[in-house]
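**Student:** Have a look at this one.
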Amino acid sequence: MEYHKLASLEEIRPLTADRKVVRFLAGGTDLMYRVKKNFLKTDQLTLLDLSGLEGLAGVEIQDGEIVIGGMTTLNDLIQALEEGDHLPLLSEALRSAASPLIRNRATLGGHIGGSYPNSHILPALLALGCRVELREAGGQITVSPLEDLQGRAYHNRLEKGTLILSLRIPCEQPVRTLYWGYGPRKDFAFAPMVLALAEGADGSFRIAGGGREWVPRRFPLLEKALADSAVPDRTALKGLIEEERAALFQGQGDFSEYEKTLLFRFLSDALTREDI
């Protein structure tokens, strides 16, 4: 295993050009665990330590968006969001992720790059319309919707040496939101699924979820159907979920019958409760 502590972003390209496996080291809460458990082949691994770089952490408002640096820790983000009264859906998801000790070190960029199937945070970010600012190994800066980065479980679609600089979320608060997942909530504690919903002022919906074996993703058929029509009855809603299931997975993994039941109950709650 090779280890390099970066002094500047310009060092990324020469250090990644001829390496087989490259990983950025930020908080290291998951990466170092995977190294210790030999999930990553250390004889082919190059670690690029980001701790010496400045300007990659923090939360600010820019051009109608909340911009979150990729090196921002989860606990720092919770504090910034709650002090500014921003995005309670994301705050709730963050508080359900891991333990306070891990949240003190884990970074948002590292979590995004991990593509964890049952992530608490990714469904909330998807429901909030998050975009990701990237620096490619060659220095080009691009901005992409978060859903374009998600590949299969534990594998994202980023090219080798691409660094997550920041996440960008619209400042406009949704009309209502709902989050279900692990943690202290009575609903669905220990359920193998995390779900998030946000309804916009224009009547549009963004619904996302993640499970044990499939990477968090949006549910576009459900979003469109709910935006286009009145609240469906039980039979119609179950039919929509079956259509979404077939369209999303097409043999590329699946969610179980139990997870289907969770999704049905989640949507039923979201569409019928007045206190959300």
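In the structure tokens, the first chain shown is A, the next is B, and so on; residue numbers restart at 1 for each chain, and ligands run from 1 in the order shown.
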Run DSSP on the backbone and tell me which residues of range 19-194 of chain A come out as strand (DSSP E or B); list them as a PyMOL selection string.

**Tutor:** chain A and resi 21-25+45-49+59-62+65-69+73+107+131-135+141-145+150-152+155-156+163-170+176-180+193-194

**Student:** Could you name the residues that touch Gln173 in chain A at 12 Å or less, counting only C-alpha atoms, but leaving out those on the same chain fewer than 4 positions away, as a PyMOL selection string?

**Tutor:** chain A and resi 64-66+85-90+127-129+169+177+198-202

**Student:** Please write the residues from the selection above to a file, keeping N, CA and C atoms, as a CSV table (one decimal), in the first residue's frame.

**Tutor:**
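Generated output (result29.csv):
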```
chain,number,residue,atom,x,y,z
A,64,GLY,N,-28.6,30.8,-4.0
A,64,GLY,CA,-29.8,30.1,-3.8
A,64,GLY,C,-29.6,28.6,-3.5
A,65,GLU,N,-28.3,28.3,-3.2
A,65,GLU,CA,-28.1,26.9,-2.8
A,65,GLU,C,-27.3,26.8,-1.5
A,66,ILE,N,-27.5,25.8,-0.7
A,66,ILE,CA,-26.7,25.4,0.4
A,66,ILE,C,-25.5,24.6,-0.1
A,85,ASP,N,-31.5,26.8,10.6
A,85,ASP,CA,-32.9,26.3,10.4
A,85,ASP,C,-33.1,25.9,8.9
A,86,HIS,N,-32.1,25.1,8.5
A,86,HIS,CA,-32.2,24.6,7.1
A,86,HIS,C,-32.4,23.1,7.1
A,87,LEU,N,-33.2,22.6,6.1
A,87,LEU,CA,-33.3,21.2,5.7
A,87,LEU,C,-33.5,20.3,6.9
A,88,PRO,N,-34.6,20.3,7.6
A,88,PRO,CA,-34.8,19.4,8.7
A,88,PRO,C,-34.8,17.9,8.3
A,89,LEU,N,-35.2,17.7,7.0
A,89,LEU,CA,-35.2,16.3,6.5
A,89,LEU,C,-33.7,15.7,6.6
A,90,LEU,N,-32.8,16.5,6.1
A,90,LEU,CA,-31.4,16.1,6.1
A,90,LEU,C,-30.8,16.0,7.5
A,127,ALA,N,-33.8,13.1,-2.3
A,127,ALA,CA,-35.2,13.7,-2.2
A,127,ALA,C,-35.1,15.2,-2.2
A,128,LEU,N,-34.0,15.8,-1.8
A,128,LEU,CA,-33.8,17.2,-1.8
A,128,LEU,C,-33.2,17.8,-3.0
A,129,GLY,N,-32.9,17.0,-4.1
A,129,GLY,CA,-32.4,17.5,-5.3
A,129,GLY,C,-31.0,17.9,-5.3
A,169,ILE,N,-27.4,21.9,-2.6
A,169,ILE,CA,-28.9,21.6,-2.3
A,169,ILE,C,-29.6,22.9,-2.4
A,177,THR,N,-42.1,17.0,4.2
A,177,THR,CA,-41.1,16.0,4.0
A,177,THR,C,-41.4,14.8,4.9
A,198,ALA,N,-39.9,14.3,-0.4
A,198,ALA,CA,-40.1,15.8,-0.3
A,198,ALA,C,-41.1,16.2,-1.4
A,199,GLU,N,-42.0,17.0,-1.0
A,199,GLU,CA,-43.0,17.6,-1.9
A,199,GLU,C,-42.7,19.0,-2.1
A,200,GLY,N,-42.6,19.5,-3.4
A,200,GLY,CA,-42.3,20.8,-3.7
A,200,GLY,C,-43.5,21.7,-3.7
A,201,ALA,N,-43.3,23.0,-3.7
A,201,ALA,CA,-44.5,24.0,-3.7
A,201,ALA,C,-45.3,23.9,-5.0
A,202,ASP,N,-44.7,23.3,-6.0
A,202,ASP,CA,-45.4,23.2,-7.3
A,202,ASP,C,-46.1,21.9,-7.4
```

**Student:** Find the residues near range 94-110 of chain A: any atom within 7 Å, counting only C-alpha atoms, skip ones fewer than 3 places away on the same chain, and give them as number ranges by chain.

**Tutor:** A: 26-29, 70-75, 78, 90-91, 113-114, 120-121, 164, 182-183

**Student:** Which of these, A:Ala57, A:Ile241, A:Leu163, A:Ile207, has the shortest distance to Phe24 in chain A once you count only C-alpha atoms?

**Tutor:**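 Distance minimum relative to Phe24 in chain A lands on A:Leu163.
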
**Student:** Just want the 10 Å neighbourhood of Leu122 in chain A, counted on only C-alpha atoms, with same-chain residues fewer than 2 positions away dropped. Output as a ChimeraX atom specification.

**Tutor:** /A:90,93-94,108,111-112,115-120,124-128,130,146-147,150,194-196,208-210,215-217

**Student:** Next, dump the selected residues to file, keeping only N, CA and C atoms, as a PDB file, in the first residue's frame.

**Tutor:**
```
ATOM      1  N   LEU A  90     -32.775  16.543   6.103  1.00  0.00           N
ATOM      2  CA  LEU A  90     -31.383  16.098   6.086  1.00  0.00           C
ATOM      3  C   LEU A  90     -30.834  15.975   7.505  1.00  0.00           C
ATOM      4  N   ALA A  93     -31.991  12.704   8.941  1.00  0.00           N
ATOM      5  CA  ALA A  93     -31.264  11.575   8.358  1.00  0.00           C
ATOM      6  C   ALA A  93     -29.846  11.495   8.919  1.00  0.00           C
ATOM      7  N   LEU A  94     -29.187  12.637   9.060  1.00  0.00           N
ATOM      8  CA  LEU A  94     -27.819  12.657   9.584  1.00  0.00           C
ATOM      9  C   LEU A  94     -27.774  12.127  11.016  1.00  0.00           C
ATOM     10  N   LEU A 108     -19.017  14.038   4.754  1.00  0.00           N
ATOM     11  CA  LEU A 108     -20.126  13.861   3.831  1.00  0.00           C
ATOM     12  C   LEU A 108     -19.638  13.360   2.476  1.00  0.00           C
ATOM     13  N   HIS A 111     -18.924   9.712   2.609  1.00  0.00           N
ATOM     14  CA  HIS A 111     -20.158   8.927   2.643  1.00  0.00           C
ATOM     15  C   HIS A 111     -20.781   8.828   1.251  1.00  0.00           C
ATOM     16  N   ILE A 112     -20.795   9.933   0.519  1.00  0.00           N
ATOM     17  CA  ILE A 112     -21.358   9.923  -0.833  1.00  0.00           C
ATOM     18  C   ILE A 112     -20.585   8.944  -1.720  1.00  0.00           C
ATOM     19  N   SER A 115     -21.343   4.861  -1.629  1.00  0.00           N
ATOM     20  CA  SER A 115     -22.500   4.200  -2.256  1.00  0.00           C
ATOM     21  C   SER A 115     -23.058   3.071  -1.394  1.00  0.00           C
ATOM     22  N   TYR A 116     -23.357   3.389  -0.149  1.00  0.00           N
ATOM     23  CA  TYR A 116     -23.847   2.367   0.779  1.00  0.00           C
ATOM     24  C   TYR A 116     -25.319   2.055   0.511  1.00  0.00           C
ATOM     25  N   PRO A 117     -25.681   0.775   0.411  1.00  0.00           N
ATOM     26  CA  PRO A 117     -27.060   0.417   0.088  1.00  0.00           C
ATOM     27  C   PRO A 117     -28.087   0.953   1.082  1.00  0.00           C
ATOM     28  N   ASN A 118     -27.840   0.780   2.387  1.00  0.00           N
ATOM     29  CA  ASN A 118     -28.839   1.211   3.372  1.00  0.00           C
ATOM     30  C   ASN A 118     -28.427   2.518   4.045  1.00  0.00           C
ATOM     31  N   SER A 119     -27.824   3.397   3.262  1.00  0.00           N
ATOM     32  CA  SER A 119     -27.422   4.709   3.774  1.00  0.00           C
ATOM     33  C   SER A 119     -28.635   5.485   4.276  1.00  0.00           C
ATOM     34  N   HIS A 120     -28.500   6.138   5.433  1.00  0.00           N
ATOM     35  CA  HIS A 120     -29.532   7.036   5.917  1.00  0.00           C
ATOM     36  C   HIS A 120     -29.538   8.341   5.141  1.00  0.00           C
ATOM     37  N   ALA A 124     -32.156  10.977   1.609  1.00  0.00           N
ATOM     38  CA  ALA A 124     -32.551  12.345   1.938  1.00  0.00           C
ATOM     39  C   ALA A 124     -31.961  13.338   0.935  1.00  0.00           C
ATOM     40  N   LEU A 125     -30.696  13.153   0.582  1.00  0.00           N
ATOM     41  CA  LEU A 125     -30.065  14.043  -0.394  1.00  0.00           C
ATOM     42  C   LEU A 125     -30.730  13.931  -1.760  1.00  0.00           C
ATOM     43  N   LEU A 126     -31.077  12.722  -2.165  1.00  0.00           N
ATOM     44  CA  LEU A 126     -31.765  12.529  -3.443  1.00  0.00           C
ATOM     45  C   LEU A 126     -33.128  13.216  -3.435  1.00  0.00           C
ATOM     46  N   ALA A 127     -33.849  13.084  -2.322  1.00  0.00           N
ATOM     47  CA  ALA A 127     -35.171  13.695  -2.230  1.00  0.00           C
ATOM     48  C   ALA A 127     -35.092  15.217  -2.239  1.00  0.00           C
ATOM     49  N   LEU A 128     -33.955  15.771  -1.833  1.00  0.00           N
ATOM     50  CA  LEU A 128     -33.781  17.225  -1.770  1.00  0.00           C
ATOM     51  C   LEU A 128     -33.162  17.808  -3.038  1.00  0.00           C
ATOM     52  N   CYS A 130     -30.151  17.095  -4.561  1.00  0.00           N
ATOM     53  CA  CYS A 130     -28.729  17.403  -4.386  1.00  0.00           C
ATOM     54  C   CYS A 130     -27.947  17.244  -5.693  1.00  0.00           C
ATOM     55  N   LEU A 146     -26.787  14.015  -8.043  1.00  0.00           N
ATOM     56  CA  LEU A 146     -26.286  12.933  -7.207  1.00  0.00           C
ATOM     57  C   LEU A 146     -26.625  11.565  -7.786  1.00  0.00           C
ATOM     58  N   GLU A 147     -27.830  11.415  -8.347  1.00  0.00           N
ATOM     59  CA  GLU A 147     -28.221  10.088  -8.842  1.00  0.00           C
ATOM     60  C   GLU A 147     -27.324   9.590  -9.972  1.00  0.00           C
ATOM     61  N   GLN A 150     -24.346   7.304  -8.568  1.00  0.00           N
ATOM     62  CA  GLN A 150     -24.573   6.046  -7.876  1.00  0.00           C
ATOM     63  C   GLN A 150     -24.487   4.879  -8.850  1.00  0.00           C
ATOM     64  N   VAL A 194     -34.361   2.450   3.990  1.00  0.00           N
ATOM     65  CA  VAL A 194     -34.411   3.851   4.391  1.00  0.00           C
ATOM     66  C   VAL A 194     -35.143   4.600   3.286  1.00  0.00           C
ATOM     67  N   LEU A 195     -36.096   5.461   3.653  1.00  0.00           N
ATOM     68  CA  LEU A 195     -36.932   6.132   2.672  1.00  0.00           C
ATOM     69  C   LEU A 195     -37.053   7.612   3.001  1.00  0.00           C
ATOM     70  N   ALA A 196     -37.133   8.440   1.956  1.00  0.00           N
ATOM     71  CA  ALA A 196     -37.284   9.883   2.145  1.00  0.00           C
ATOM     72  C   ALA A 196     -38.191  10.437   1.059  1.00  0.00           C
ATOM     73  N   ALA A 208     -37.161   8.808  -2.635  1.00  0.00           N
ATOM     74  CA  ALA A 208     -35.950   8.004  -2.781  1.00  0.00           C
ATOM     75  C   ALA A 208     -35.861   7.006  -1.643  1.00  0.00           C
ATOM     76  N   GLY A 209     -35.164   5.913  -1.911  1.00  0.00           N
ATOM     77  CA  GLY A 209     -34.974   4.905  -0.881  1.00  0.00           C
ATOM     78  C   GLY A 209     -33.759   4.049  -1.164  1.00  0.00           C
ATOM     79  N   GLY A 210     -33.295   3.385  -0.124  1.00  0.00           N
ATOM     80  CA  GLY A 210     -32.185   2.450  -0.242  1.00  0.00           C
ATOM     81  C   GLY A 210     -32.462   1.219   0.601  1.00  0.00           C
ATOM     82  N   VAL A 215     -28.472   0.103  -4.258  1.00  0.00           N
ATOM     83  CA  VAL A 215     -27.992   1.456  -3.971  1.00  0.00           C
ATOM     84  C   VAL A 215     -29.171   2.425  -3.937  1.00  0.00           C
ATOM     85  N   PRO A 216     -29.180   3.400  -3.015  1.00  0.00           N
ATOM     86  CA  PRO A 216     -30.270   4.374  -2.969  1.00  0.00           C
ATOM     87  C   PRO A 216     -30.552   4.998  -4.327  1.00  0.00           C
ATOM     88  N   ARG A 217     -31.836   5.124  -4.612  1.00  0.00           N
ATOM     89  CA  ARG A 217     -32.254   5.662  -5.897  1.00  0.00           C
ATOM     90  C   ARG A 217     -33.621   6.314  -5.767  1.00  0.00           C
TER      91      ARG A 217
END
```

**Student:** I'd like the neighbourhood of Gly239 in chain A as JSON, numbers by chain, where a residue qualifies if any of its atoms comes within 12 Å (using only C-alpha atoms), though same-chain residues fewer than 3 positions away should be ignored.

**Tutor:** {"A": [221, 222, 225, 232, 233, 234, 235, 236, 242, 243, 244, 245, 246, 260, 264]}

**Student:** Considering only C-alpha atoms, state which residue in the set A:Leu165, A:Ile12, A:Glu257, A:Glu159 is at the smallest distance from Lys238 in chain A.

**Tutor:**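 Looking only at the distances to Lys238 in chain A, the closest residue turns out to be A:Glu257.
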
**Student:** Could you list, as number ranges by chain, every residue within 12 Å of Glu2 in chain A, counting only C-alpha atoms and ignoring same-chain residues fewer than 4 positions away?

**Tutor:** A: 15-16, 19-24, 41-49

**Student:** When DSSP is applied to the backbone of this structure, which of range 88-154 of chain A are assigned alpha helix (DSSP H)? Write them out as a list in words.

**Tutor:**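 Across range 88-154 of chain A, those assigned alpha helix (DSSP H) are Pro88, Leu89, Leu90, Ser91, Glu92, Ala93, Leu94, Arg95, Pro100, Leu101, Ile102, Arg103, Leu108, Gly109, Gly110, His111, Ile112, Gly113, Gly114, Ile121, Leu122, Pro123, Ala124, Leu125, Leu126 and Ala127 of chain A.
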
**Student:** May I ask for the distance between CA of Lys36 in chain A and CA of Arg135 in chain A, given in Å to one decimal place?

**Tutor:** 28.2 Å

**Student:** Excluding Glu60 in chain A and its own-chain neighbours fewer than 6 positions away, which residues fall within 12 Å of it when counting only C-alpha atoms? Please give them as a PyMOL selection string.

**Tutor:** chain A and resi 66-69+72+77+80-81+84+86+166-171
